[in-house]
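S.K.: Below is structure-v3.cif; it holds mmCIF, C-alpha atoms.
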```cif
data_coords
loop_
_atom_site.label_atom_id
_atom_site.label_comp_id
_atom_site.auth_asym_id
_atom_site.auth_seq_id
_atom_site.Cartn_x
_atom_site.Cartn_y
_atom_site.Cartn_z
CA MET A 253 16.49 -47.72 65.44
CA SER A 254 14.95 -44.38 64.71
CA THR A 255 11.73 -45.72 63.25
CA PRO A 256 9.13 -46.03 65.97
CA ASN A 257 7.50 -49.37 66.50
CA PRO A 258 4.18 -49.04 64.68
CA GLN A 259 2.50 -51.62 66.90
CA PRO A 260 2.88 -50.77 70.55
CA ASP A 261 3.63 -53.67 72.84
CA PRO A 262 0.17 -54.87 73.93
CA SER A 263 1.42 -55.95 77.36
CA PRO A 264 3.83 -53.35 78.67
CA LYS A 265 5.46 -54.29 81.94
CA ALA A 266 4.78 -52.10 84.93
CA THR A 267 8.47 -51.28 85.32
CA GLN A 268 9.05 -50.59 81.66
CA PRO A 269 11.11 -47.44 81.09
CA PRO A 270 9.39 -44.60 79.27
CA PRO A 271 9.70 -44.54 75.49
CA LEU A 272 12.54 -42.48 74.11
CA LYS A 273 10.51 -39.40 73.29
CA ASP A 274 9.20 -39.29 76.86
CA TRP A 275 12.55 -39.50 78.64
CA PRO A 276 12.41 -37.05 81.54
CA LEU A 277 14.75 -34.10 81.89
CA TRP A 278 17.61 -34.16 84.43
CA GLU A 279 19.74 -31.31 85.72
CA VAL A 280 23.44 -32.08 85.91
CA PHE A 281 25.82 -30.76 88.58
CA VAL A 282 29.57 -31.35 88.33
CA ARG A 283 32.23 -30.89 90.98
CA SER A 284 35.38 -29.74 89.26
CA LYS A 285 37.74 -30.81 92.05
CA GLN A 286 37.74 -32.13 95.57
CA GLY A 287 36.72 -29.53 98.11
CA LEU A 288 34.77 -27.39 95.67
CA GLU A 289 31.00 -27.43 95.39
CA HIS A 290 28.99 -29.12 92.66
CA LYS A 291 27.99 -26.57 90.04
CA HIS A 292 25.09 -26.70 87.67
CA CYS A 293 26.38 -27.27 84.16
CA GLY A 294 23.38 -28.23 82.06
CA SER A 295 20.62 -30.73 81.53
CA LEU A 296 19.88 -33.84 79.51
CA HIS A 297 17.18 -36.40 78.78
CA ALA A 298 17.53 -39.91 80.24
CA SER A 299 15.23 -42.76 81.18
CA ASP A 300 16.32 -43.05 84.83
CA ALA A 301 18.87 -41.78 87.35
CA ARG A 302 21.58 -44.31 86.57
CA HIS A 303 21.19 -43.67 82.89
CA ALA A 304 21.32 -39.91 83.47
CA LEU A 305 24.56 -40.27 85.43
CA GLN A 306 26.18 -42.26 82.63
CA MET A 307 25.06 -39.80 79.99
CA ALA A 308 26.22 -36.86 82.10
CA ARG A 309 29.67 -38.44 82.17
CA ASP A 310 29.71 -38.63 78.39
CA VAL A 311 28.19 -35.22 77.73
CA TYR A 312 29.63 -32.98 80.44
CA THR A 313 32.98 -34.44 81.58
CA ARG A 314 34.72 -35.02 78.26
CA ARG A 315 37.33 -32.36 78.94
CA GLN A 316 38.23 -33.40 82.47
CA GLU A 317 35.67 -31.04 83.96
CA GLY A 318 34.91 -33.14 86.97
CA VAL A 319 35.58 -35.60 89.75
CA SER A 320 31.96 -36.09 90.82
CA ILE A 321 28.52 -35.79 89.22
CA TRP A 322 25.04 -35.23 90.65
CA VAL A 323 21.88 -35.60 88.62
CA VAL A 324 18.49 -34.33 89.80
CA PRO A 325 15.12 -34.73 88.09
CA SER A 326 14.33 -31.29 86.70
CA ASN A 327 10.75 -31.51 87.94
CA SER A 328 12.05 -31.86 91.51
CA ILE A 329 13.38 -28.34 91.37
CA THR A 330 11.07 -25.58 92.56
CA ALA A 331 12.09 -22.33 90.95
CA SER A 332 11.28 -18.71 91.67
CA ASN A 333 9.10 -17.00 89.14
CA PRO A 334 11.07 -14.59 86.91
CA ASP A 335 8.15 -12.16 87.15
CA ASP A 336 8.79 -11.87 90.89
CA LYS A 337 12.32 -10.67 90.39
CA ASP A 338 11.63 -7.05 91.32
CA ALA A 339 9.88 -7.97 94.54
CA LEU A 340 12.36 -10.65 95.50
CA PHE A 341 15.69 -9.15 94.62
CA GLU A 342 15.45 -5.40 94.14
CA PRO A 343 15.04 -4.53 97.81
CA ALA A 344 18.61 -5.75 98.36
CA ALA A 345 20.04 -3.32 95.82
CA ASP A 346 20.36 -0.29 98.13
CA LYS A 347 21.62 -2.16 101.19
CA ILE A 348 25.30 -2.12 100.49
CA TYR A 349 26.02 -2.34 104.25
CA ARG A 350 25.16 -6.01 103.97
CA HIS A 351 28.42 -6.56 102.13
CA PRO A 352 31.25 -6.97 104.64
CA THR A 353 33.40 -4.44 102.82
CA PHE A 354 33.69 -1.85 105.57
CA TYR A 355 36.24 -3.67 107.65
CA ASP A 356 40.01 -3.28 107.61
CA ILE A 357 41.51 -6.71 107.27
CA PRO A 358 44.90 -7.15 108.96
CA ASP A 359 47.67 -8.10 106.54
CA GLU A 360 48.37 -11.28 108.51
CA VAL A 361 44.94 -12.65 107.57
CA GLY A 362 45.90 -12.67 103.94
CA HIS A 363 43.37 -13.40 101.24
CA MET A 364 39.79 -13.90 102.39
CA MET B 141 59.99 -63.89 67.31
CA ALA B 142 60.50 -60.19 66.56
CA SER B 143 58.06 -60.37 63.69
CA HIS B 144 55.52 -62.30 65.79
CA TYR B 145 55.70 -59.61 68.44
CA GLN B 146 55.17 -56.84 65.89
CA ASP B 147 52.21 -58.77 64.54
CA TYR B 148 50.82 -59.09 68.05
CA LEU B 149 51.10 -55.33 68.65
CA LEU B 150 49.47 -54.75 65.26
CA HIS B 151 46.70 -57.18 66.22
CA LEU B 152 45.96 -55.16 69.38
CA ALA B 153 46.24 -51.88 67.48
CA ASP B 154 44.10 -53.00 64.53
CA ASN B 155 41.39 -54.25 66.88
CA ALA B 156 41.17 -50.81 68.43
CA LEU B 157 41.40 -48.90 65.14
CA ILE B 158 38.81 -50.93 63.24
CA LEU B 159 36.27 -50.95 66.07
CA GLY B 160 36.93 -47.26 66.61
CA GLN B 161 36.28 -46.59 62.92
CA ARG B 162 33.14 -48.75 62.94
CA ASN B 163 31.69 -47.04 65.99
CA ALA B 164 32.57 -43.64 64.54
CA GLN B 165 30.07 -44.36 61.77
CA TRP B 166 27.40 -43.46 64.32
CA CYS B 167 28.82 -39.96 64.67
CA GLY B 168 25.98 -37.61 63.83
CA HIS B 169 23.56 -40.54 63.50
CA GLY B 170 23.25 -41.74 67.11
CA PRO B 171 19.82 -42.68 68.45
CA VAL B 172 19.93 -39.70 70.82
CA LEU B 173 22.41 -36.87 71.23
CA GLU B 174 23.88 -38.28 74.45
CA GLU B 175 24.51 -41.69 72.86
CA ASP B 176 26.04 -40.05 69.83
CA LEU B 177 28.57 -38.39 72.13
CA ALA B 178 29.10 -41.58 74.14
CA LEU B 179 29.94 -43.59 71.02
CA ALA B 180 32.23 -40.86 69.71
CA ASN B 181 34.02 -40.83 73.09
CA ASN B 182 34.36 -44.58 72.87
CA SER B 183 35.84 -44.30 69.37
CA LEU B 184 38.32 -41.64 70.42
CA ASP B 185 39.48 -43.88 73.28
CA LEU B 186 39.97 -46.77 70.85
CA ILE B 187 41.75 -44.67 68.24
CA GLY B 188 43.98 -43.33 71.03
CA GLN B 189 44.85 -46.90 72.02
CA ALA B 190 45.60 -47.72 68.38
CA ARG B 191 47.89 -44.70 68.06
CA LEU B 192 49.95 -45.65 71.12
CA LEU B 193 50.30 -49.21 69.85
CA TYR B 194 51.24 -48.18 66.30
CA GLN B 195 53.80 -45.75 67.70
CA HIS B 196 55.20 -48.61 69.74
CA VAL B 197 55.44 -50.81 66.63
CA VAL B 198 57.43 -48.04 64.96
CA THR B 199 59.80 -47.95 67.95
CA VAL B 200 60.15 -51.72 68.00
CA ARG B 201 60.85 -51.90 64.25
CA ARG B 202 63.55 -49.24 64.24
CA ASP B 203 63.68 -49.37 60.46
CA GLY B 204 63.20 -45.63 60.00
CA LYS B 205 60.56 -46.35 57.37
CA SER B 206 57.44 -46.85 59.48
CA SER B 207 55.09 -44.31 60.97
CA GLU B 208 51.73 -44.61 62.71
CA ASP B 209 50.02 -43.07 59.67
CA LEU B 210 51.66 -45.52 57.27
CA LEU B 211 50.50 -48.39 59.47
CA ALA B 212 46.93 -47.12 59.69
CA TYR B 213 46.41 -45.77 56.18
CA PHE B 214 48.77 -47.57 53.82
CA ARG B 215 48.31 -51.22 54.66
CA ASP B 216 45.76 -53.37 52.86
CA VAL B 217 43.22 -55.95 54.02
CA PRO B 218 45.57 -58.97 54.40
CA ASP B 219 47.96 -56.86 56.51
CA PHE B 220 45.30 -56.06 59.12
CA LYS B 221 45.19 -58.41 62.11
CA ASN B 222 41.96 -57.40 63.86
CA TYR B 223 39.32 -59.89 64.91
CA THR B 224 36.74 -60.37 62.15
CA LEU B 225 34.00 -59.51 64.68
CA LEU B 226 35.15 -55.91 64.75
CA GLU B 227 34.91 -55.24 61.01
CA LEU B 228 31.31 -56.45 60.61
CA PRO B 229 28.64 -53.86 59.78
CA HIS B 230 26.18 -52.58 62.38
CA SER B 231 23.55 -54.95 61.05
CA THR B 232 22.41 -58.54 61.32
CA ALA B 233 21.74 -58.67 57.57
CA LEU B 234 24.01 -61.15 55.83
CA ALA B 235 24.49 -58.87 52.84
CA PRO B 236 23.82 -55.37 54.15
CA THR B 237 23.75 -52.52 51.71
CA ALA B 238 24.71 -48.94 52.37
CA ALA B 239 21.00 -48.25 52.64
CA ALA B 240 20.39 -50.98 55.21
CA GLU B 241 19.62 -49.41 58.51
CA ARG B 242 22.25 -49.62 61.21
CA ASP B 243 21.02 -51.47 64.27
CA TYR B 244 22.19 -50.16 67.62
CA ALA B 245 21.67 -53.61 69.14
CA VAL B 246 24.53 -54.95 67.00
CA THR B 247 26.75 -52.05 68.02
CA ILE B 248 26.02 -52.71 71.68
CA ALA B 249 26.41 -56.49 71.47
CA ARG B 250 29.77 -56.17 69.74
CA ASN B 251 31.07 -53.55 72.15
CA PHE B 252 30.00 -55.72 75.05
CA LEU B 253 31.58 -58.95 73.75
CA TYR B 254 34.85 -57.23 72.82
CA SER B 255 35.13 -55.05 75.94
CA ALA B 256 34.45 -58.04 78.20
CA LEU B 257 37.43 -59.79 76.62
CA MET B 258 39.68 -56.74 76.61
CA VAL B 259 39.28 -55.87 80.30
CA LEU B 260 40.79 -59.32 80.93
CA VAL B 261 43.46 -58.99 78.25
CA TRP B 262 44.57 -55.47 79.27
CA ASP B 263 44.64 -56.56 82.89
CA GLY B 264 46.93 -59.45 81.95
CA LEU B 265 49.10 -57.23 79.75
CA LYS B 266 49.80 -54.93 82.70
CA SER B 267 52.40 -57.57 83.62
CA SER B 268 53.85 -57.86 80.11
CA GLY B 269 57.63 -58.14 79.92
CA ASP B 270 57.50 -55.09 77.65
CA ALA B 271 57.19 -52.08 79.96
CA GLN B 272 55.75 -49.85 77.23
CA LEU B 273 53.01 -52.35 76.40
CA ALA B 274 52.30 -52.73 80.13
CA ALA B 275 51.84 -48.95 80.41
CA ILE B 276 49.54 -48.85 77.37
CA ALA B 277 47.54 -51.71 78.92
CA ALA B 278 47.13 -49.86 82.23
CA LYS B 279 45.75 -46.82 80.43
CA SER B 280 43.55 -48.86 78.10
CA LEU B 281 42.10 -50.90 80.96
CA LYS B 282 40.48 -47.80 82.48
CA GLU B 283 38.94 -46.81 79.16
CA THR B 284 37.79 -50.32 78.34
CA SER B 285 36.21 -50.73 81.78
CA TYR B 286 33.96 -47.79 80.95
CA HIS B 287 33.17 -49.15 77.47
CA LEU B 288 32.15 -52.41 79.12
CA ARG B 289 29.95 -50.63 81.62
CA HIS B 290 28.29 -48.60 78.87
CA ALA B 291 27.63 -51.61 76.63
CA HIS B 292 26.53 -53.78 79.57
CA ASP B 293 24.03 -51.14 80.64
CA TRP B 294 22.47 -50.95 77.18
CA LEU B 295 22.53 -54.72 76.75
CA LEU B 296 20.32 -54.96 79.85
CA ARG B 297 18.06 -52.11 78.85
CA LEU B 298 17.49 -53.35 75.32
CA GLY B 299 17.34 -57.05 76.22
CA ASP B 300 14.94 -56.44 79.08
CA GLY B 301 13.07 -53.63 77.32
CA THR B 302 10.22 -53.82 74.83
CA ALA B 303 9.34 -56.83 72.69
CA GLU B 304 11.05 -55.18 69.73
CA SER B 305 14.25 -54.21 71.56
CA HIS B 306 14.45 -57.71 73.06
CA ALA B 307 14.08 -59.35 69.65
CA ARG B 308 16.72 -57.11 68.08
CA MET B 309 19.14 -57.62 70.95
CA GLN B 310 18.71 -61.39 70.77
CA ALA B 311 19.24 -61.34 66.99
CA ALA B 312 22.41 -59.29 67.44
CA VAL B 313 23.80 -61.72 70.02
CA ASP B 314 22.89 -64.72 67.83
CA HIS B 315 24.56 -63.06 64.86
CA LEU B 316 27.79 -62.03 66.59
CA LEU B 317 28.52 -64.72 69.15
CA PRO B 318 29.91 -67.26 66.66
CA TYR B 319 32.63 -64.75 65.75
CA THR B 320 33.89 -64.77 69.35
CA GLN B 321 35.30 -68.25 68.79
CA GLU B 322 38.23 -66.46 67.19
CA PHE B 323 39.09 -64.83 70.54
CA PHE B 324 40.18 -68.19 71.90
CA ALA B 325 41.53 -69.92 68.80
CA PRO B 326 45.30 -70.43 69.03
CA SER B 327 47.62 -68.75 66.52
CA ALA B 328 51.37 -68.98 65.91
CA MET B 329 51.72 -65.27 66.65
CA GLU B 330 50.06 -65.55 70.06
CA THR B 331 51.84 -68.77 71.00
CA ALA B 332 55.20 -67.11 70.35
CA VAL B 333 54.54 -63.93 72.31
CA ILE B 334 53.03 -65.81 75.27
CA LYS B 335 56.14 -67.99 75.43
CA ALA B 336 58.29 -64.86 75.45
CA GLY B 337 56.29 -63.39 78.35
CA LEU B 338 55.21 -60.40 76.26
CA GLY B 339 51.62 -61.34 75.44
CA VAL B 340 48.61 -62.81 77.20
CA ALA B 341 47.06 -66.20 76.50
CA THR B 342 43.33 -65.84 75.88
CA GLN B 343 42.35 -69.48 76.45
CA PRO B 344 42.77 -69.27 80.25
CA LEU B 345 40.57 -66.13 80.17
CA GLN B 346 37.72 -67.90 78.40
CA ALA B 347 35.97 -69.11 81.57
CA ALA B 348 35.96 -65.63 83.12
CA TRP B 349 34.77 -64.08 79.86
CA GLN B 350 32.05 -66.69 79.48
CA ALA B 351 30.87 -66.06 83.04
CA MET B 352 30.61 -62.31 82.36
CA VAL B 353 28.68 -62.91 79.14
CA ASP B 354 26.35 -65.50 80.67
CA GLU B 355 25.54 -63.32 83.66
CA ALA B 356 24.80 -60.30 81.49
CA LEU B 357 22.68 -62.28 79.03
CA ALA B 358 20.68 -63.80 81.89
CA GLN B 359 20.10 -60.38 83.45
CA ALA B 360 19.04 -59.07 80.05
CA THR B 361 16.58 -62.00 79.68
CA LEU B 362 18.47 -63.14 76.58
CA THR B 363 19.57 -66.66 75.76
CA ARG B 364 23.05 -67.71 74.70
CA PRO B 365 22.96 -69.45 71.34
CA ALA B 366 25.03 -72.58 70.83
CA VAL B 367 28.24 -71.48 69.18
CA ALA B 368 29.79 -73.64 66.50
CA GLY B 369 30.79 -73.64 62.86
CA HIS B 370 33.34 -71.54 61.01
CA VAL B 371 35.98 -69.92 63.21
CA SER B 372 36.85 -66.54 61.74
CA THR B 373 40.48 -65.73 61.03
CA GLY B 374 40.87 -61.94 60.96
CA LYS B 375 43.74 -62.00 63.42
CA ILE B 376 45.90 -63.88 60.93
CA GLY B 377 44.92 -61.53 58.12
CA VAL B 378 42.16 -63.54 56.44
CA HIS B 379 39.12 -61.29 56.66
CA SER B 380 35.47 -61.03 55.72
CA GLU B 381 34.49 -58.97 52.69
CA HIS B 382 33.51 -56.10 55.00
CA LEU B 383 36.99 -54.94 56.00
CA GLY B 384 37.81 -53.67 52.50
CA PHE B 385 34.89 -51.24 52.66
CA VAL B 386 35.92 -50.02 56.12
CA LEU B 387 39.48 -49.41 54.90
CA ALA B 388 38.32 -47.73 51.70
CA GLU B 389 36.38 -45.17 53.69
CA MET B 390 39.04 -44.77 56.37
CA GLN B 391 42.09 -44.61 54.09
CA SER B 392 40.86 -42.77 51.00
CA LEU B 393 41.68 -39.29 52.25
CA ALA B 394 45.18 -40.18 53.45
CA ARG B 395 45.89 -41.97 50.18
CA ALA B 396 44.58 -39.11 48.04
CA HIS B 397 46.78 -36.65 49.93
CA PRO B 398 49.82 -38.57 51.20
CA GLU B 399 51.80 -36.80 53.90
CA ALA B 400 49.22 -34.05 54.18
CA VAL B 401 49.39 -32.25 57.51
CA TRP B 402 46.85 -30.29 59.50
#
```
Now, as a test, write the supplied structure out as C-alpha cells.
M.R.:
Amino acid sequence: MSTPNPQPDPSPKATQPPPLKDWPLWEVFVRSKQGLEHKHCGSLHASDARHALQMARDVYTRRQEGVSIWVVPSNSITASNPDDKDALFEPAADKIYRHPTFYDIPDEVGHM
Amino acid sequence: MASHYQDYLLHLADNALILGQRNAQWCGHGPVLEEDLALANNSLDLIGQARLLYQHVVTVRRDGKSSEDLLAYFRDVPDFKNYTLLELPHSTALAPTAAAERDYAVTIARNFLYSALMVLVWDGLKSSGDAQLAAIAAKSLKETSYHLRHAHDWLLRLGDGTAESHARMQAAVDHLLPYTQEFFAPSAMETAVIKAGLGVATQPLQAAWQAMVDEALAQATLTRPAVAGHVSTGKIGVHSEHLGFVLAEMQSLARAHPEAVW
C-alpha cells in the first residue's frame, strides 16, 4: 500500500480524490457536551469532509471527549498575522475598565 | 446442550479475538496515521467484545478452573472456533511470507464482510434468552455498526478510486468472498443453541447480508464473484494453516510468563 503507483492512471476521473500525499488539512472542533461550544482540538489530513469527520472521530474522540464534531478546511480560515500582535492586542492591555469587575454582585445572583 | 452453548460463546469470542489480533498487526504500520488509529480502535473494540464473552464462558462453566486469559492464551488451534475468514493474512497471496506486503484492500474487504454479518447477528442476539449475552450484543452492535461504516466507506473509496485501488479491492473481494460461505453453513453447535433460544440462526440473515454486500459492491463499481467450492470450517475447529501463526504470535508472551501480571 505504501509504494506509490509508478505509472499514474492515464485517464484520471474529474471527481477523483487527491492522492494521499496531497490530502488537504482540516481543523477539528469537538463539543465536549451538550450546551457547550465546539472547541478547536487539532487538525488532520483527509481527502474530503466526510472522510475528515470519520478520521476526527477516530483521532480526537477516543477518550469520550465529545458528542459532536465539526471539521473545517484549514485554508478556509483567515488568520491574523502574528506580527500584528502588538498593534492588534496591546492597546487593550491598559483598559482594565473594560472588564466588568467593578460591580458588587448581590449574593442572590450567585455564580456568574 | 451446555457444551454447545459454551462452544457458541467461544465461537463469538474467538471471532472477535482473532480479527482483533489480525487488525492489530497494522498498529504502527497503517497507511496513514489516522487509519492506524482507526484500526487500533477497531481492534480494541473487538478484543473488548472477546473479553466480555470469555468472562461469560467462565461464569457459565462454573468449574473454577477457567479464566479469560486461559481461554485466550492457552488453547490451541483445534480449540478455536472462529470463522476461517478472520484468521487469513492481510494478503491475496496464496502462500504469503512474512515479507509479503500487507494489502489494506484485504483488511477492508474482510472487515466489511464480517461487520455486515455481525450487525445482523448482534441485533438478533439482543433478544437472546441469556440476558448477559443480550447485553453484550447490545454493546457490540454499536461498535460493529461503526466498524461497518468505516469499512464500507473505504470499500467505496478504494473500489471507485484509481485503477490500482480498484484492481486491488476487486482481488481482495474475489479472494475472501468464498470464505463467507461458512457464515451460513449449518453446524450442530448452532442448531442446538438456536433451538434453545440462546443463539441466532444465520441462514435467515443471508438475504439481508447479501443485499448489503451487493449494494456496496455496486456502489464501489466492483463485481461479485460467483461463490462456490470448499466451505471453510473454522467454526468447528478445523482451520487453515494461518491460525497457528496468529496464535504463536499472540500467545507466546503469556505462555513464556504464565500468570504474569501488569
S.K.: Return as lines of an AutoDock Vina configuration file the box centre and box size in Å, one decimal, for an axis-aligned box around all listed atoms of region 328-342 of chain A padded by 8 Å per side.
M.R.:
```
center_x = 11.9
center_y = -18.6
center_z = 91.2
size_x = 23.5
size_y = 42.5
size_z = 24.6
```
S.K.: Quick one: residues within 9 Å of Ser284 (chain A), all atoms listed in the file, excluding same-chain residues fewer than 2 positions away - as a list of chain:residue names?
M.R.: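 The filter keeps A:Val282, A:Gln286, A:Gly287, A:Leu288, A:Glu289, A:His290, A:Lys291, A:Gln316, A:Glu317, A:Gly318, A:Val319, A:Ser320.
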S.K.: For Gly160 (chain B), which residue among B:Leu186, B:Val259, B:Ala360, B:Leu179 is the nearest when counting all atoms listed in the file?
M.R.: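 Result for the nearest residue to Gly160 (chain B): B:Leu186.
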S.K.: Quick one: distance from CA of Leu225 (chain B) to CA of Asp154 (chain B) in Å, one decimal?
M.R.: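 Interatomic distance here is 12.0 Å.
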S.K.: Could you list, as a PyMOL selection string, every residue within 8 Å of Arg162 (chain B), counting all atoms listed in the file and ignoring same-chain residues fewer than 2 positions away?
M.R.: chain B and resi 158-160+164-166+226-227+229-230+386
S.K.: I need the residue nearest Ser328 (chain A) from this list: A:Leu296, A:Ala345, A:Leu340, A:Leu277. Use all atoms listed in the file for the distance.
M.R.: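 Residue with the minimum atom-to-atom distance to Ser328 (chain A): A:Leu277.
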S.K.: Report as a PyMOL selection string the full result of the PyMOL selection byres ((chain B and resi 190) around 8) when it is applied to this structure.
M.R.: chain B and resi 152-157+186-189+191-194
S.K.: Given the choices A:Val361, A:Val323, A:Val311, A:Ala304, which gets closest to His292 (chain A) if the distance is worked out from only C-alpha atoms?
M.R.: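 Among the listed residues, the smallest separation from His292 (chain A) belongs to A:Val323.
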